[in-house]
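Note: the block below is start.pdb and it holds PDB, C-alpha atoms.
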```
ATOM      1  CA  MET A   1       0.000   0.000   0.000
ATOM      2  CA  ASN A   2       1.493   3.350  -0.959
ATOM      3  CA  ARG A   3       1.480   6.578   1.052
ATOM      4  CA  LYS A   4      -1.479   8.061  -0.811
ATOM      5  CA  GLU A   5      -3.610   4.973  -0.237
ATOM      6  CA  ILE A   6      -2.746   5.004   3.472
ATOM      7  CA  THR A   7      -3.511   8.726   3.710
ATOM      8  CA  ASP A   8      -6.841   8.328   1.895
ATOM      9  CA  LYS A   9      -7.878   5.531   4.229
ATOM     10  CA  LEU A  10      -6.838   7.572   7.245
ATOM     11  CA  TYR A  11      -8.887  10.512   5.958
ATOM     12  CA  ASN A  12     -11.982   8.327   5.757
ATOM     13  CA  ILE A  13     -11.352   6.905   9.229
ATOM     14  CA  ALA A  14     -10.831  10.331  10.827
ATOM     15  CA  ARG A  15     -13.703  12.110   9.053
ATOM     16  CA  PRO A  16     -16.587  11.012  11.345
ATOM     17  CA  TYR A  17     -14.696  12.226  14.435
ATOM     18  CA  VAL A  18     -13.715  15.641  13.078
ATOM     19  CA  GLN A  19     -15.395  18.555  14.828
ATOM     20  CA  GLN A  20     -13.832  21.216  12.616
ATOM     21  CA  LYS A  21     -15.256  19.958   9.321
ATOM     22  CA  GLU A  22     -13.853  22.906   7.324
ATOM     23  CA  ALA A  23     -10.337  21.782   8.254
ATOM     24  CA  LEU A  24     -10.891  18.628   6.207
ATOM     25  CA  GLU A  25     -10.565  20.747   3.063
ATOM     26  CA  ASP A  26      -6.920  21.353   3.960
ATOM     27  CA  PHE A  27      -6.244  17.778   5.064
ATOM     28  CA  SER A  28      -2.536  17.196   4.497
ATOM     29  CA  MET A  29       0.465  15.493   6.055
ATOM     30  CA  ASP A  30       0.876  18.460   8.397
ATOM     31  CA  THR A  31      -2.718  18.440   9.648
ATOM     32  CA  ASP A  32      -2.775  18.213  13.437
ATOM     33  CA  LEU A  33      -5.402  15.773  14.664
ATOM     34  CA  LEU A  34      -6.350  17.659  17.821
ATOM     35  CA  ARG A  35      -5.569  21.287  17.010
ATOM     36  CA  ASP A  36      -6.664  21.474  13.366
ATOM     37  CA  LEU A  37      -9.383  18.843  13.161
ATOM     38  CA  LYS A  38     -10.507  19.355  16.778
ATOM     39  CA  ILE A  39     -10.848  15.640  17.252
ATOM     40  CA  ASN A  40     -11.952  14.853  20.779
ATOM     41  CA  SER A  41      -9.042  13.180  22.575
ATOM     42  CA  ALA A  42     -11.261  10.221  23.530
ATOM     43  CA  ASN A  43     -12.042   9.749  19.842
ATOM     44  CA  LEU A  44      -8.329   9.268  19.198
ATOM     45  CA  ILE A  45      -8.806   5.872  20.852
ATOM     46  CA  ASP A  46     -11.635   5.191  18.374
ATOM     47  CA  ILE A  47      -9.314   6.143  15.537
ATOM     48  CA  VAL A  48      -6.659   3.767  16.870
ATOM     49  CA  LEU A  49      -9.211   0.935  16.941
ATOM     50  CA  ASP A  50     -10.486   1.814  13.446
ATOM     51  CA  VAL A  51      -6.926   1.950  12.109
ATOM     52  CA  GLU A  52      -6.156  -1.451  13.639
ATOM     53  CA  ASP A  53      -9.243  -2.950  11.987
ATOM     54  CA  GLU A  54      -8.692  -1.283   8.615
ATOM     55  CA  PHE A  55      -4.977  -1.983   8.262
ATOM     56  CA  GLY A  56      -4.810  -5.247  10.202
ATOM     57  CA  VAL A  57      -2.116  -3.957  12.542
ATOM     58  CA  SER A  58      -1.785  -3.600  16.292
ATOM     59  CA  ILE A  59      -0.936  -0.243  17.817
ATOM     60  CA  GLU A  60       0.675  -0.340  21.230
ATOM     61  CA  ASN A  61      -0.112   2.228  23.906
ATOM     62  CA  ALA A  62       3.330   3.808  23.636
ATOM     63  CA  GLU A  63       2.837   4.219  19.885
ATOM     64  CA  MET A  64      -0.377   6.158  20.452
ATOM     65  CA  GLU A  65       1.802   8.946  21.815
ATOM     66  CA  LEU A  66       3.220   9.403  18.326
ATOM     67  CA  MET A  67      -0.180  10.029  16.764
ATOM     68  CA  ILE A  68      -0.132  13.805  16.716
ATOM     69  CA  ASN A  69      -0.550  14.697  13.068
ATOM     70  CA  VAL A  70      -1.364  12.929   9.797
ATOM     71  CA  ARG A  71       2.314  12.475   8.947
ATOM     72  CA  SER A  72       3.122  10.720  12.222
ATOM     73  CA  VAL A  73       0.193   8.306  11.797
ATOM     74  CA  VAL A  74       1.014   7.582   8.144
ATOM     75  CA  GLU A  75       4.684   6.949   8.955
ATOM     76  CA  LEU A  76       3.730   4.685  11.851
ATOM     77  CA  LEU A  77       1.455   2.709   9.511
ATOM     78  CA  GLU A  78       4.078   2.547   6.771
ATOM     79  CA  ASN A  79       6.526   1.018   9.241
ATOM     80  CA  LYS A  80       3.975  -1.461  10.505
ATOM     81  CA  LEU A  81       2.854  -2.494   7.026
ATOM     82  CA  ASP A  82       6.455  -2.891   5.875
ATOM     83  CA  ALA A  83       7.117  -5.156   8.828
ATOM     84  CA  LYS A  84       4.161  -7.428   8.036
TER      85      LYS A  84
ATOM     86  CA  MET B   1      -2.631  23.024  39.012
ATOM     87  CA  ILE B   2      -5.916  21.593  37.873
ATOM     88  CA  GLY B   3      -7.601  19.661  35.069
ATOM     89  CA  ASN B   4     -11.139  18.522  34.449
ATOM     90  CA  ASP B   5     -13.215  16.459  32.056
ATOM     91  CA  ILE B   6     -16.975  16.149  31.630
ATOM     92  CA  ILE B   7     -18.720  13.404  29.684
ATOM     93  CA  ASP B   8     -22.267  13.439  28.363
ATOM     94  CA  LEU B   9     -23.275   9.932  29.380
ATOM     95  CA  ARG B  10     -25.907   9.764  26.639
ATOM     96  CA  ILE B  11     -23.007   9.793  24.199
ATOM     97  CA  GLY B  12     -20.245   8.336  26.350
ATOM     98  CA  VAL B  13     -16.740   7.613  25.199
ATOM     99  CA  GLY B  14     -16.383   5.125  22.421
ATOM    100  CA  LYS B  15     -20.048   4.332  22.906
ATOM    101  CA  TYR B  16     -21.362   5.120  19.515
ATOM    102  CA  LYS B  17     -20.072   1.792  18.376
ATOM    103  CA  THR B  18     -21.482  -0.086  21.310
ATOM    104  CA  ASP B  19     -19.897  -3.399  20.405
ATOM    105  CA  ARG B  20     -16.534  -1.720  20.848
ATOM    106  CA  ARG B  21     -16.922  -0.456  24.423
ATOM    107  CA  GLU B  22     -15.052  -3.424  25.876
ATOM    108  CA  LYS B  23     -12.254  -3.146  23.345
ATOM    109  CA  TRP B  24     -12.093   0.583  23.954
ATOM    110  CA  LEU B  25     -11.748   0.030  27.705
ATOM    111  CA  GLN B  26      -8.968  -2.499  27.196
ATOM    112  CA  LYS B  27      -7.073   0.100  25.181
ATOM    113  CA  ILE B  28      -6.970   2.625  28.008
ATOM    114  CA  ALA B  29      -7.049   0.444  31.134
ATOM    115  CA  LEU B  30      -4.292  -1.342  32.998
ATOM    116  CA  PRO B  31      -5.129  -4.768  34.478
ATOM    117  CA  SER B  32      -5.023  -3.279  37.994
ATOM    118  CA  GLU B  33      -7.568  -0.667  36.945
ATOM    119  CA  ILE B  34      -9.936  -3.286  35.571
ATOM    120  CA  SER B  35      -9.784  -4.895  39.041
ATOM    121  CA  LEU B  36     -10.507  -1.560  40.731
ATOM    122  CA  LEU B  37     -13.575  -1.094  38.551
ATOM    123  CA  ASN B  38     -14.910  -4.626  38.808
ATOM    124  CA  LYS B  39     -17.845  -3.639  41.011
ATOM    125  CA  TRP B  40     -18.743  -0.641  38.939
ATOM    126  CA  PRO B  41     -21.690  -0.718  36.506
ATOM    127  CA  GLU B  42     -20.171  -1.976  33.275
ATOM    128  CA  SER B  43     -21.740   0.848  31.294
ATOM    129  CA  LEU B  44     -19.849   3.458  33.343
ATOM    130  CA  CYS B  45     -16.370   1.932  33.372
ATOM    131  CA  PRO B  46     -14.937   3.394  30.148
ATOM    132  CA  ASP B  47     -16.404   6.822  30.938
ATOM    133  CA  ILE B  48     -15.179   7.117  34.523
ATOM    134  CA  LEU B  49     -11.711   5.816  33.712
ATOM    135  CA  TRP B  50     -11.292   8.049  30.682
ATOM    136  CA  SER B  51     -12.600  11.115  32.473
ATOM    137  CA  ILE B  52     -10.165  10.552  35.349
ATOM    138  CA  LYS B  53      -7.183  10.007  33.046
ATOM    139  CA  GLU B  54      -8.055  12.962  30.823
ATOM    140  CA  SER B  55      -8.418  15.296  33.808
ATOM    141  CA  VAL B  56      -5.027  14.138  35.128
ATOM    142  CA  PHE B  57      -3.477  14.687  31.696
ATOM    143  CA  LYS B  58      -4.857  18.235  31.608
ATOM    144  CA  CYS B  59      -3.605  18.892  35.135
ATOM    145  CA  ARG B  60      -0.092  17.631  34.406
ATOM    146  CA  THR B  61       0.063  19.557  31.147
ATOM    147  CA  ARG B  62      -0.124  22.752  33.212
ATOM    148  CA  SER B  63       3.273  22.104  34.734
ATOM    149  CA  GLN B  64       4.901  19.898  32.110
ATOM    150  CA  PHE B  65       3.581  20.789  28.701
ATOM    151  CA  THR B  66       3.253  17.815  26.400
ATOM    152  CA  ARG B  67       1.113  17.103  23.362
ATOM    153  CA  SER B  68       1.110  13.356  23.481
ATOM    154  CA  PHE B  69      -0.860  11.163  25.819
ATOM    155  CA  ASN B  70      -0.470   7.501  26.555
ATOM    156  CA  PRO B  71      -3.333   6.414  28.838
ATOM    157  CA  GLY B  72      -1.197   3.461  29.912
ATOM    158  CA  ASP B  73       1.243   5.810  31.653
ATOM    159  CA  VAL B  74      -1.479   7.027  33.988
ATOM    160  CA  GLN B  75      -2.430   4.600  36.722
ATOM    161  CA  LEU B  76      -5.516   4.859  38.870
ATOM    162  CA  ILE B  77      -4.493   3.260  42.164
ATOM    163  CA  GLU B  78      -7.344   4.147  44.506
ATOM    164  CA  LEU B  79     -11.015   4.871  43.904
ATOM    165  CA  LYS B  80     -13.608   5.487  46.612
ATOM    166  CA  HIS B  81     -17.216   6.322  45.948
ATOM    167  CA  GLN B  82     -20.626   6.725  47.488
ATOM    168  CA  ASN B  83     -23.215   4.772  45.524
ATOM    169  CA  PHE B  84     -21.355   5.515  42.288
ATOM    170  CA  LYS B  85     -22.539   9.139  42.609
ATOM    171  CA  GLU B  86     -19.497  10.923  43.942
ATOM    172  CA  GLY B  87     -16.068  10.017  45.124
ATOM    173  CA  ALA B  88     -12.349  10.520  45.070
ATOM    174  CA  GLY B  89      -9.199   8.673  44.263
ATOM    175  CA  VAL B  90      -5.490   8.738  43.655
ATOM    176  CA  VAL B  91      -3.682   8.532  40.328
ATOM    177  CA  LYS B  92       0.023   8.022  39.724
ATOM    178  CA  TRP B  93       1.888   9.211  36.642
ATOM    179  CA  ASN B  94       5.525   8.176  36.900
ATOM    180  CA  GLN B  95       6.624   9.591  40.256
ATOM    181  CA  GLU B  96       3.811  12.119  40.516
ATOM    182  CA  SER B  97       0.629  11.696  42.512
ATOM    183  CA  PHE B  98      -2.719  13.321  41.701
ATOM    184  CA  THR B  99      -5.924  13.632  43.684
ATOM    185  CA  ILE B 100      -9.047  13.106  41.637
ATOM    186  CA  ARG B 101     -12.652  13.817  42.544
ATOM    187  CA  PHE B 102     -15.761  13.068  40.581
ATOM    188  CA  LEU B 103     -19.511  13.599  40.462
ATOM    189  CA  ILE B 104     -21.950  11.472  38.500
ATOM    190  CA  GLU B 105     -25.480  12.553  37.654
ATOM    191  CA  LYS B 106     -28.040  10.902  35.423
ATOM    192  CA  HIS B 107     -26.724  12.408  32.211
ATOM    193  CA  TRP B 108     -23.169  13.468  32.961
ATOM    194  CA  LEU B 109     -19.962  12.504  34.710
ATOM    195  CA  HIS B 110     -17.412  15.096  35.783
ATOM    196  CA  ALA B 111     -13.890  14.376  37.036
ATOM    197  CA  VAL B 112     -11.376  16.873  38.365
ATOM    198  CA  ALA B 113      -7.703  16.336  39.069
ATOM    199  CA  SER B 114      -5.289  18.359  41.165
ATOM    200  CA  TYR B 115      -1.831  17.820  42.579
ATOM    201  CA  GLY B 116      -2.995  18.043  46.163
ATOM    202  CA  LYS B 117      -6.196  17.962  48.157
ATOM    203  CA  GLN B 118      -6.904  21.660  47.734
ATOM    204  CA  GLU B 119     -10.457  22.947  47.827
ATOM    205  CA  LEU B 120     -11.878  23.208  44.319
ATOM    206  CA  TYR B 121     -14.307  25.488  42.593
ATOM    207  CA  TRP B 122     -15.941  23.289  39.960
ATOM    208  CA  ARG B 123     -19.261  23.621  38.203
ATOM    209  CA  GLN B 124     -21.257  21.891  35.495
ATOM    210  CA  VAL B 125     -23.627  23.530  33.021
ATOM    211  CA  CYS B 126     -26.111  22.331  30.441
ATOM    212  CA  PHE B 127     -26.292  23.928  26.998
ATOM    213  CA  HIS B 128     -29.825  24.533  25.731
ATOM    214  CA  GLU B 129     -28.742  23.635  22.266
ATOM    215  CA  VAL B 130     -25.661  21.830  21.058
ATOM    216  CA  PRO B 131     -23.891  24.317  18.817
ATOM    217  CA  ASP B 132     -20.693  23.542  16.967
ATOM    218  CA  HIS B 133     -17.458  22.967  18.829
ATOM    219  CA  ASN B 134     -16.153  26.534  18.666
ATOM    220  CA  GLU B 135     -19.475  28.123  19.557
ATOM    221  CA  GLN B 136     -19.825  25.798  22.528
ATOM    222  CA  SER B 137     -16.350  26.798  23.757
ATOM    223  CA  LEU B 138     -17.318  30.460  23.566
ATOM    224  CA  GLN B 139     -20.615  29.856  25.365
ATOM    225  CA  LEU B 140     -18.839  27.948  28.108
ATOM    226  CA  ARG B 141     -16.319  30.740  28.709
ATOM    227  CA  SER B 142     -19.124  33.274  28.794
ATOM    228  CA  MET B 143     -21.068  31.203  31.350
ATOM    229  CA  PHE B 144     -17.917  30.829  33.455
ATOM    230  CA  LEU B 145     -17.213  34.573  33.456
ATOM    231  CA  SER B 146     -20.795  35.300  34.425
ATOM    232  CA  ASP B 147     -20.596  32.781  37.266
ATOM    233  CA  ILE B 148     -17.201  33.850  38.560
ATOM    234  CA  SER B 149     -18.186  37.539  38.554
ATOM    235  CA  ARG B 150     -20.315  36.728  41.639
ATOM    236  CA  ARG B 151     -17.148  35.751  43.450
ATOM    237  CA  ILE B 152     -14.566  38.230  42.236
ATOM    238  CA  SER B 153     -14.802  41.891  41.344
ATOM    239  CA  GLY B 154     -13.232  43.829  38.519
ATOM    240  CA  HIS B 155     -12.896  43.083  34.852
ATOM    241  CA  TRP B 156     -11.709  39.570  34.093
ATOM    242  CA  PHE B 157     -11.376  37.743  30.841
ATOM    243  CA  VAL B 158     -10.208  34.352  29.656
ATOM    244  CA  GLU B 159      -7.128  33.960  27.489
ATOM    245  CA  LYS B 160      -4.961  31.064  26.519
ATOM    246  CA  CYS B 161      -1.350  31.001  27.635
ATOM    247  CA  SER B 162       1.476  30.243  25.204
ATOM    248  CA  ASN B 163       0.810  26.514  25.621
ATOM    249  CA  GLY B 164      -2.848  26.979  24.676
ATOM    250  CA  LEU B 165      -4.160  26.493  28.209
ATOM    251  CA  PRO B 166      -6.870  28.843  29.473
ATOM    252  CA  GLU B 167      -6.296  31.376  32.238
ATOM    253  CA  LEU B 168      -8.526  33.894  33.943
ATOM    254  CA  ILE B 169      -6.768  37.241  33.685
ATOM    255  CA  ASN B 170      -7.493  40.731  34.979
ATOM    256  CA  ARG B 171      -6.168  44.120  33.903
ATOM    257  CA  THR B 172      -3.389  44.061  36.480
ATOM    258  CA  GLY B 173      -2.079  40.884  34.906
ATOM    259  CA  MET B 174      -3.173  38.545  37.681
ATOM    260  CA  LYS B 175      -3.644  35.039  36.281
ATOM    261  CA  ILE B 176      -5.724  32.154  37.588
ATOM    262  CA  PRO B 177      -5.425  28.770  35.849
ATOM    263  CA  VAL B 178      -8.833  27.429  34.834
ATOM    264  CA  SER B 179      -9.718  24.187  33.116
ATOM    265  CA  PHE B 180     -12.665  23.892  30.713
ATOM    266  CA  SER B 181     -14.346  20.855  29.286
ATOM    267  CA  HIS B 182     -17.406  20.222  27.134
ATOM    268  CA  HIS B 183     -18.982  17.170  25.636
ATOM    269  CA  GLY B 184     -22.389  16.679  24.085
ATOM    270  CA  GLN B 185     -24.865  18.933  25.864
ATOM    271  CA  PHE B 186     -22.746  19.588  28.955
ATOM    272  CA  GLY B 187     -19.882  21.834  29.884
ATOM    273  CA  ALA B 188     -17.778  22.260  33.009
ATOM    274  CA  TRP B 189     -14.979  24.238  34.533
ATOM    275  CA  ALA B 190     -12.657  23.888  37.480
ATOM    276  CA  THR B 191     -10.222  26.090  39.278
ATOM    277  CA  LEU B 192      -8.632  26.143  42.710
ATOM    278  CA  GLU B 193     -10.610  27.834  45.451
ATOM    279  CA  GLU B 194      -7.417  29.254  46.946
ATOM    280  CA  HIS B 195      -6.808  31.234  43.766
ATOM    281  CA  ILE B 196     -10.310  32.674  43.840
ATOM    282  CA  LYS B 197      -9.953  33.604  47.509
ATOM    283  CA  LEU B 198      -6.770  35.525  46.757
ATOM    284  CA  THR B 199      -8.819  37.978  44.731
ATOM    285  CA  GLU B 200     -11.578  38.476  47.321
TER     286      GLU B 200
END
```

How does this structure look as structure tokens?
Amino acid sequence: MNRKEITDKLYNIARPYVQQKEALEDFSMDTDLLRDLKINSANLIDIVLDVEDEFGVSIENAEMELMINVRSVVELLENKLDAK
Amino acid sequence: MIGNDIIDLRIGVGKYKTDRREKWLQKIALPSEISLLNKWPESLCPDILWSIKESVFKCRTRSQFTRSFNPGDVQLIELKHQNFKEGAGVVKWNQESFTIRFLIEKHWLHAVASYGKQELYWRQVCFHEVPDHNEQSLQLRSMFLSDISRRISGHWFVEKCSNGLPELINRTGMKIPVSFSHHGQFGAWATLEEHIKLTE
């Protein structure tokens, strides 16, 4: 799976939890999940679970700390998918 | 330092996919915490644990600013309650200890965390409508200022510090840390009573 496919899937996963819908128009690698998209911090756990289901990977608690912006999530997923 | 978190129990955390509540809880809870909560109503467990951990995170962020949050780093080690309606507990985060208190009503749950056992000034409000996220934040700050004006005189306003955390500020530059939270139809704030008393 290439970076664009991962990013597109992540976009679709994050979309239902976004409170700042206008920010989705500028969705990019630098988009901050909490500050830009105003995703409720509890919904980050939902995103982790959705990502695990969608990509068939397991995200450890310590790795959740890395999930700050789109780039950090995509890179985490790239590493996990490469290791599969 | 202080942090707080309110949850609209009609929405709950991770509830909107109800089959995932258990999985959601496993993601944020340590085995020892599952044991602590084993007599709690199952439907409340994810909400109370999240609310406690989130309020501790907000409290700690006041003194040690960090963006990331690993719920597994935060360990609830003691939880006392009266009929699952109100209570208190202790949370450890590395070497630091936090006091948490909580109130549970029919439709909301509110947890507050502080470093010590200081007296708190914490309130919950209900929004008549559920406006968008930004509008709700503005309404909550307005309700807080209206409420606090009964306790303190002079012109006060709310501003965020350089780390994005809200403070109550007056024209002389006096600053009082305040924590806001809103979820669903409910909002809440918390600050330390000792800070309010300093202005009286």

Polymer residues at most 12 Å from Asn79 in chain A, only C-alpha atoms, same-chain spacing of 5 or more positions, as a list in words:
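In the requested format, the answer is Met1, Asn2, Arg3, Ile6, Phe55, Val57, Ser58, Ile59, Glu63, Ser72, Val73, Val74 and Lys84 of chain A.
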
Return as a list in words the set of residues that the ChimeraX specification (/B :<7) & /A yields on the displayed structure.
Gln19, Ala42, Asn43, Ile45, Asp46, Asn61, Ala62, Met64, Glu65, Leu66 and Ile68 of chain A

Could you give me the axis-aligned bounding box of range 10-15 of chain B, with 6 Å of padding per side, as centre plus edge lengths in Å to one decimal, as lines of an AutoDock Vina configuration file?
```
center_x = -21.1
center_y = 7.1
center_z = 24.5
size_x = 21.5
size_y = 17.5
size_z = 16.2
```

Atom-to-atom span, CA of Ala190 in chain B and CA of Tyr121 in chain B, Å:
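Taking CA of Ala190 in chain B and CA of Tyr121 in chain B, their separation equals 5.6 Å.
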
For Leu24 in chain A, please output as a list of chain:residue names all residues within 10 Å (counting all atoms listed in the file; exclusion window: fewer than 4 positions along the same chain).
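With the cut-off at 10 Å, the set is A:Tyr11, A:Ala14, A:Arg15, A:Val18, A:Gln19, A:Gln20, A:Ser28, A:Thr31, A:Asp36, A:Leu37.
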
List as a PDB file with C-alpha atoms, in the frame of the given file the protein and nucleic acid residues near Leu76 in chain B, meaning an atom at most 7 Å away when all atoms listed in the file are counted, but skip any in the same chain fewer than 3 places from it.
```pdb
ATOM      1  CA  GLU B  33      -7.568  -0.667  36.945  1.00  0.00           C
ATOM      2  CA  VAL B  90      -5.490   8.738  43.655  1.00  0.00           C
ATOM      3  CA  VAL B  91      -3.682   8.532  40.328  1.00  0.00           C
ATOM      4  CA  LYS B  92       0.023   8.022  39.724  1.00  0.00           C
TER       5      LYS B  92
END
```

Quick one: residues within 12 Å of Gly173 in chain B, only C-alpha atoms, excluding same-chain residues fewer than 5 positions away - as a PyMOL selection string?
chain B and resi 155-159+167-168

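Across the structure, CA of Ile152 in chain B and CA of Thr199 in chain B are spaced 6.3 Å apart.
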
Just to confirm, what's the straight-line distance from CA of Glu86 in chain B to CA of Leu145 in chain B in Å (one decimal)?
26.0 Å

Please provide as a count of residues only all residues within 12 Å of Lys39 in chain B, with the sequence filter that same-chain residues fewer than 6 positions apart are discarded (counting all atoms listed in the file).
7

Taking the file as shown, find all residues satisfying the PyMOL selection byres ((chain B and resi 181) around 9) and write them as a list of chain:residue names.
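That selection, the PyMOL selection byres ((chain B and resi 181) around 9), comes back as B:Gly3, B:Asn4, B:Asp5, B:Ile6, B:Ile7, B:Ser137, B:Leu140, B:Ser179, B:Phe180, B:His182, B:His183, B:Phe186, B:Gly187, B:Ala188, B:Trp189, B:Ala190.
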
I need the residue nearest Gln95 in chain B from this list: B:Lys53, B:Arg60, B:Arg150, B:Arg141. Use all atoms listed in the file for the distance.
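Nearest to Gln95 in chain B: B:Arg60.
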
Some atoms are absent from range 163-183 of chain B, so rebuild N, CA and C atoms and return them as a short mmCIF file (atom, residue, chain, number, x, y, z; two decimals), in the coordinates of the input.
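Result file part_22.cif:
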```
data_model
loop_
_atom_site.label_atom_id
_atom_site.label_comp_id
_atom_site.auth_asym_id
_atom_site.auth_seq_id
_atom_site.Cartn_x
_atom_site.Cartn_y
_atom_site.Cartn_z
N ASN B 163 1.00 27.94 25.87
CA ASN B 163 0.81 26.51 25.62
C ASN B 163 -0.63 26.17 25.26
N GLY B 164 -1.46 27.21 25.08
CA GLY B 164 -2.85 26.98 24.68
C GLY B 164 -3.77 26.60 25.81
N LEU B 165 -3.33 26.84 27.05
CA LEU B 165 -4.16 26.49 28.21
C LEU B 165 -4.85 27.74 28.75
N PRO B 166 -6.13 27.64 29.08
CA PRO B 166 -6.87 28.84 29.47
C PRO B 166 -6.50 29.37 30.86
N GLU B 167 -6.54 30.70 30.96
CA GLU B 167 -6.30 31.38 32.24
C GLU B 167 -7.30 32.51 32.38
N LEU B 168 -7.69 32.75 33.61
CA LEU B 168 -8.53 33.89 33.94
C LEU B 168 -7.58 35.04 34.27
N ILE B 169 -7.75 36.14 33.57
CA ILE B 169 -6.77 37.24 33.68
C ILE B 169 -7.51 38.55 33.96
N ASN B 170 -6.91 39.39 34.81
CA ASN B 170 -7.49 40.73 34.98
C ASN B 170 -6.52 41.79 34.44
N ARG B 171 -6.94 43.04 34.55
CA ARG B 171 -6.17 44.12 33.90
C ARG B 171 -4.82 44.34 34.57
N THR B 172 -4.69 43.89 35.82
CA THR B 172 -3.39 44.06 36.48
C THR B 172 -2.43 42.93 36.10
N GLY B 173 -2.93 41.98 35.34
CA GLY B 173 -2.08 40.88 34.91
C GLY B 173 -2.13 39.66 35.81
N MET B 174 -3.02 39.71 36.80
CA MET B 174 -3.17 38.54 37.68
C MET B 174 -3.75 37.38 36.87
N LYS B 175 -3.22 36.18 37.07
CA LYS B 175 -3.64 35.04 36.28
C LYS B 175 -4.07 33.88 37.18
N ILE B 176 -5.22 33.31 36.84
CA ILE B 176 -5.72 32.15 37.59
C ILE B 176 -5.94 31.01 36.59
N PRO B 177 -5.22 29.91 36.76
CA PRO B 177 -5.42 28.77 35.85
C PRO B 177 -6.86 28.24 35.96
N VAL B 178 -7.48 28.00 34.83
CA VAL B 178 -8.83 27.43 34.83
C VAL B 178 -8.89 26.35 33.75
N SER B 179 -9.60 25.30 34.06
CA SER B 179 -9.72 24.19 33.12
C SER B 179 -11.16 24.10 32.62
N PHE B 180 -11.33 24.02 31.31
CA PHE B 180 -12.66 23.89 30.71
C PHE B 180 -12.81 22.53 30.05
N SER B 181 -14.07 22.11 29.98
CA SER B 181 -14.35 20.86 29.29
C SER B 181 -15.78 20.90 28.77
N HIS B 182 -16.02 20.36 27.59
CA HIS B 182 -17.41 20.22 27.13
C HIS B 182 -17.54 18.99 26.26
N HIS B 183 -18.72 18.41 26.38
CA HIS B 183 -18.98 17.17 25.64
C HIS B 183 -20.49 17.04 25.51
#
```
